[in-house]
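Enquirer: Data: entry-v8.txt, compact mmCIF, C-alpha atoms.
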```
# COMPACT_ATOMS: atom_id res chain seq x y z
CA MET A 1 0.00 0.00 0.00
CA LEU A 2 2.79 2.43 0.83
CA ASN A 3 4.46 1.84 -2.51
CA LEU A 4 1.20 2.43 -4.29
CA LYS A 5 0.48 5.64 -2.42
CA ALA A 6 3.90 7.21 -2.93
CA PRO A 7 3.48 7.94 -6.66
CA ARG A 8 0.05 9.39 -5.92
CA VAL A 9 1.47 11.81 -3.35
CA ARG A 10 4.18 12.90 -5.76
CA THR A 11 1.58 13.52 -8.44
CA LEU A 12 -0.49 15.65 -6.09
CA ALA A 13 2.58 17.61 -5.07
CA ALA A 14 3.47 18.18 -8.71
CA ARG A 15 -0.02 19.45 -9.39
CA ALA A 16 0.22 21.87 -6.48
CA ALA A 17 3.59 23.13 -7.68
CA LEU A 18 2.25 23.66 -11.20
CA ALA A 19 -0.78 25.52 -9.88
CA LEU A 20 1.28 27.82 -7.71
CA ALA A 21 3.82 28.38 -10.49
CA GLY A 22 1.02 29.35 -12.84
CA VAL A 23 -0.16 32.02 -10.44
CA ALA A 24 3.36 33.37 -9.96
CA ALA A 25 3.85 33.63 -13.72
CA SER A 26 0.53 35.45 -14.14
CA ALA A 27 1.46 37.94 -11.42
CA ASP A 28 4.64 39.06 -13.17
CA ALA A 29 5.04 42.84 -13.16
CA ALA A 30 3.84 44.78 -16.18
CA THR A 31 5.91 47.71 -17.48
CA THR A 32 4.51 50.58 -19.49
CA ASN A 33 5.71 53.99 -20.70
CA GLY A 34 4.35 56.76 -18.51
CA PHE A 35 4.58 59.32 -21.32
CA ALA A 36 2.61 59.41 -24.54
CA ASN A 37 4.27 60.07 -27.90
CA GLY A 38 7.76 59.74 -26.45
CA GLY A 39 9.19 59.72 -29.97
CA PHE A 40 7.39 62.96 -30.96
CA GLU A 41 6.04 61.31 -34.08
CA THR A 42 2.48 62.59 -33.67
CA ALA A 43 1.93 66.25 -34.46
CA ALA A 44 0.56 68.76 -31.95
CA ALA A 45 -3.18 68.68 -31.51
CA ASP A 46 -3.61 71.88 -29.51
CA ALA A 47 -1.98 75.27 -29.11
CA GLY A 48 0.89 75.23 -26.63
CA GLN A 49 1.97 71.73 -27.63
CA VAL A 50 5.29 70.80 -29.21
CA ALA A 51 3.83 67.50 -30.34
CA ALA A 52 0.82 65.52 -29.16
CA GLY A 53 1.01 65.08 -25.40
CA TRP A 54 3.92 67.50 -24.85
CA LEU A 55 3.44 71.05 -23.57
CA THR A 56 5.83 73.98 -23.87
CA ALA A 57 6.00 77.41 -22.27
CA PRO A 58 3.72 79.57 -24.45
CA THR A 59 5.94 82.65 -24.33
CA GLY A 60 9.65 83.36 -24.59
CA ASN A 61 11.30 80.45 -26.40
CA PRO A 62 8.75 77.67 -26.96
CA ALA A 63 10.14 74.22 -27.70
CA GLN A 64 9.80 73.28 -31.37
CA TRP A 65 8.93 70.19 -33.41
CA SER A 66 12.08 69.20 -35.27
CA ASP A 67 12.83 66.78 -38.11
CA ASP A 68 16.29 65.97 -36.68
CA ALA A 69 15.45 62.69 -34.94
CA HIS A 70 17.18 59.87 -33.10
CA THR A 71 14.63 57.42 -34.47
CA GLY A 72 11.60 58.04 -36.65
CA SER A 73 11.07 61.44 -38.24
CA HIS A 74 10.82 63.97 -35.40
CA SER A 75 12.21 65.13 -32.07
CA ALA A 76 11.72 68.12 -29.78
CA LEU A 77 14.08 71.08 -30.03
CA LEU A 78 14.70 73.29 -27.01
CA THR A 79 16.48 76.42 -28.15
CA VAL A 80 17.23 79.98 -27.01
CA PRO A 81 18.85 81.37 -30.16
CA GLY A 82 19.24 84.92 -28.90
CA GLY A 83 20.36 84.09 -25.37
CA PHE A 84 18.81 85.36 -22.12
CA GLY A 85 15.98 82.89 -21.73
CA ALA A 86 14.80 79.35 -21.38
CA SER A 87 13.00 76.70 -23.39
CA THR A 88 10.91 74.09 -21.58
CA LEU A 89 9.14 70.82 -22.30
CA PHE A 90 6.52 69.20 -20.02
CA GLN A 91 4.36 66.12 -19.73
CA ASP A 92 2.36 64.58 -16.88
CA SER A 93 1.76 60.82 -16.96
CA ARG A 94 -1.96 61.46 -16.51
CA GLY A 95 -1.94 62.39 -20.19
CA ASN A 96 -1.12 58.79 -21.07
CA LEU A 97 -2.15 56.61 -18.13
CA PRO A 98 -4.89 56.40 -15.52
CA ALA A 99 -4.05 57.82 -12.13
CA LEU A 100 -1.36 55.87 -10.30
CA THR A 101 -2.57 53.80 -7.34
CA ALA A 102 -1.26 51.96 -4.30
CA ALA A 103 -0.01 49.28 -6.72
CA ASN A 104 2.66 51.74 -7.89
CA VAL A 105 3.87 52.71 -4.40
CA GLY A 106 7.50 51.73 -3.91
CA ASP A 107 8.24 51.43 -7.62
CA THR A 108 11.44 53.18 -8.75
CA PRO A 109 10.67 54.22 -12.36
CA LEU A 110 13.48 54.46 -14.89
CA LEU A 111 13.59 57.57 -17.09
CA THR A 112 15.55 57.36 -20.34
CA PHE A 113 15.80 59.69 -23.31
CA TRP A 114 18.20 60.54 -26.13
CA ALA A 115 19.67 64.00 -26.61
CA LYS A 116 22.18 65.91 -28.67
CA GLY A 117 23.15 69.54 -29.11
CA ASP A 118 24.93 72.37 -27.32
CA VAL A 119 24.09 74.72 -24.46
CA SER A 120 27.09 77.02 -25.05
CA THR A 121 29.45 78.05 -22.25
CA THR A 122 26.76 80.15 -20.59
CA GLY A 123 23.88 77.69 -20.74
CA ASN A 124 22.61 74.55 -19.03
CA ALA A 125 20.30 71.64 -19.67
CA ASN A 126 18.36 70.01 -16.82
CA PHE A 127 15.39 67.77 -16.18
CA TRP A 128 13.14 67.26 -13.16
CA LEU A 129 11.04 64.21 -12.26
CA ARG A 130 8.19 65.11 -9.94
CA TYR A 131 5.72 62.82 -8.16
CA MET A 132 2.34 64.54 -8.05
CA GLY A 133 -0.48 64.07 -5.55
CA ALA A 134 -3.89 65.57 -4.95
CA ASP A 135 -2.36 68.66 -3.34
CA GLY A 136 0.61 69.17 -5.66
CA ILE A 137 4.21 67.94 -5.65
CA LEU A 138 4.89 65.11 -3.17
CA LEU A 139 8.52 64.51 -4.16
CA ASP A 140 10.89 66.34 -6.52
CA SER A 141 14.11 64.90 -7.97
CA GLY A 142 15.67 68.35 -8.09
CA ALA A 143 17.49 69.60 -11.18
CA GLN A 144 19.38 66.79 -12.92
CA SER A 145 21.97 68.27 -15.29
CA PHE A 146 22.74 66.56 -18.59
CA GLY A 147 24.33 69.45 -20.52
CA GLY A 148 27.82 68.11 -19.90
CA SER A 149 26.94 64.84 -21.63
CA LEU A 150 25.74 66.43 -24.86
CA SER A 151 27.43 66.07 -28.22
CA LEU A 152 26.84 68.30 -31.23
CA ASP A 153 26.98 65.45 -33.70
CA ASP A 154 25.93 62.27 -31.89
CA TRP A 155 22.89 61.24 -29.89
CA THR A 156 23.58 60.27 -26.28
CA GLN A 157 21.21 58.30 -24.06
CA MET A 158 20.45 59.82 -20.67
CA SER A 159 19.27 57.57 -17.85
CA PHE A 160 17.90 58.33 -14.39
CA ARG A 161 16.44 56.00 -11.76
CA GLY A 162 13.72 57.79 -9.80
CA ALA A 163 13.17 57.51 -6.07
CA ALA A 164 10.55 55.12 -4.72
CA ILE A 165 7.04 56.37 -5.48
CA PRO A 166 5.46 57.56 -2.21
CA VAL A 167 1.96 56.90 -0.93
CA GLY A 168 -0.59 59.28 -2.44
CA THR A 169 1.15 59.67 -5.82
CA THR A 170 -1.34 60.02 -8.66
CA SER A 171 1.03 60.87 -11.53
CA VAL A 172 4.62 61.58 -12.53
CA MET A 173 5.58 64.83 -14.26
CA LEU A 174 8.67 65.41 -16.37
CA GLU A 175 10.15 68.84 -17.10
CA ILE A 176 13.12 69.27 -19.45
CA ASN A 177 14.63 72.74 -19.63
CA THR A 178 17.47 74.59 -21.30
CA ALA A 179 18.53 78.07 -20.23
CA VAL A 180 21.22 80.42 -21.51
CA GLY A 181 22.42 83.97 -21.64
CA PRO A 182 24.21 85.81 -22.94
CA LEU A 183 25.82 83.90 -25.82
CA LEU A 184 29.29 85.24 -25.12
CA ASP A 185 31.04 82.71 -27.36
CA GLY A 186 28.63 82.99 -30.27
CA ARG A 187 27.62 79.34 -30.04
CA ALA A 188 23.97 78.50 -30.53
CA ASP A 189 21.93 77.09 -27.66
CA ALA A 190 20.01 74.17 -29.16
CA VAL A 191 19.21 70.78 -27.61
CA HIS A 192 17.25 68.00 -29.30
CA VAL A 193 15.51 65.31 -27.21
CA ASP A 194 13.85 62.17 -28.51
CA ASP A 195 12.56 58.72 -27.51
CA ILE A 196 11.58 59.66 -23.98
CA GLU A 197 10.43 56.76 -21.84
CA LEU A 198 9.40 56.47 -18.20
CA ALA A 199 9.26 52.76 -17.36
CA LEU A 200 6.54 52.40 -14.72
CA THR A 201 6.09 48.95 -13.20
CA THR A 202 2.90 47.69 -11.63
CA ALA A 203 2.39 44.22 -10.17
CA ALA A 204 -0.22 42.50 -12.31
CA VAL A 205 -3.42 41.29 -10.67
CA PRO A 206 -3.87 37.52 -11.14
CA GLU A 207 -6.43 36.71 -13.82
CA PRO A 208 -9.54 34.68 -12.86
CA GLY A 209 -7.98 31.55 -14.34
CA SER A 210 -4.84 32.09 -12.30
CA ALA A 211 -6.87 32.59 -9.14
CA ALA A 212 -8.60 29.27 -9.84
CA LEU A 213 -5.20 27.61 -10.22
CA LEU A 214 -4.15 29.04 -6.86
CA LEU A 215 -7.25 27.66 -5.16
CA ALA A 216 -6.70 24.29 -6.81
CA GLY A 217 -3.09 24.30 -5.68
CA LEU A 218 -4.01 25.11 -2.11
CA ALA A 219 -6.68 22.43 -2.10
CA THR A 220 -4.15 19.92 -3.40
CA VAL A 221 -1.65 20.84 -0.70
CA GLY A 222 -4.39 20.37 1.88
CA ALA A 223 -5.22 16.97 0.46
CA ILE A 224 -1.56 15.93 0.70
CA ALA A 225 -1.44 16.99 4.33
CA ARG A 226 -4.61 15.05 5.19
CA ARG A 227 -3.32 11.91 3.51
CA ARG A 228 -0.02 12.14 5.35
CA ARG A 229 -1.80 12.50 8.67
CA ALA A 230 -3.98 9.49 7.83
```
Take the structure I supplied and represent it as structure tokens, if you would.

Expert:
Amino acid sequence: MLNLKAPRVRTLAARAALALAGVAASADAATTNGFANGGFETAAADAGQVAAGWLTAPTGNPAQWSDDAHTGSHSALLTVPGGFGASTLFQDSRGNLPALTAANVGDTPLLTFWAKGDVSTTGNANFWLRYMGADGILLDSGAQSFGGSLSLDDWTQMSFRGAAIPVGTTSVMLEINTAVGPLLDGRADAVHVDDIELALTTAAVPEPGSAALLLAGLATVGAIARRRRA
């Protein structure tokens, strides 16, 4: 009898393991881009937009839609050709995604983008990653400078790992800014950015079929325990 029961117990254990493994696989984290039109391929739909989804300061030196691209056909150009000013690009993840929830708390999103250009000896290029809540900014990355990494002729990828998303965060906002003045050396202030991505990770909720597998697995484990006690 013992020899006959042993294979049966192993089979039940295998079934339990498969059931639990199926749930684990279904609960793998899902990653999505927090920003819409990160490649700037879709034209502006409204006034004040550089391209669809991306806002720019309406006065001074608005960012422009450029055909000098890292991939595809377009990028965004931040430029202050006369000096003494700034050019700014914005997007909030609420333009592309539903509001963030408790499932996003603790995630450390990865921001990447490609850039090339020049900020002259009197200019700078910075970005800010801000976690927004119902009452405004919950956490600010502070100015992250990337002007020193720019090349006039080649695209360079910039990468920044954000802090853990705090409780109450509903969206993530990106600001990219160039500022200059005066152009003492005669060099133009012009920075192209393209292929912007904010990799947000959310733990997937098990699908109904996966939940059924979990229940089956737990029931099988219980059956194994009862048989062993018997």

Enquirer: Which distance in Å separates CA of Val191 (chain A) and CA of Leu139 (chain A), to one decimal?

Expert: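 It comes out at 26.5 Å.
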
Enquirer: With a distance cut-off of 12 Å and only C-alpha atoms, select the neighbouring residues of Thr121 (chain A), excluding the residue or stretch itself and same-chain residues fewer than 2 positions from it, and output the selection as a PyMOL selection string.

Expert: chain A and resi 83+118-119+123-125+147-148+179-189

Enquirer: How many Å separate CA of Gly136 (chain A) from CA of Gly95 (chain A)?

Expert: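 Between CA of Gly136 (chain A) and CA of Gly95 (chain A) the gap works out to 16.2 Å.
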
Enquirer: Can you work out which one of A:Leu110, A:Ser159, A:Gln49, A:Asp194 has the shortest atom-to-atom distance to Thr88 (chain A), counting all atoms listed in the file?

Expert: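 Going through A:Leu110, A:Ser159, A:Gln49, A:Asp194 one by one, the smallest distance to Thr88 (chain A) is for A:Gln49.
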
Enquirer: Which residues, written as a PyMOL selection string, have at least one atom at most 12 Å from Trp155 (chain A), with all atoms listed in the file counted and residues fewer than 4 positions away on the same chain left out?

Expert: chain A and resi 68-71+75+113-118+149-151+191-195
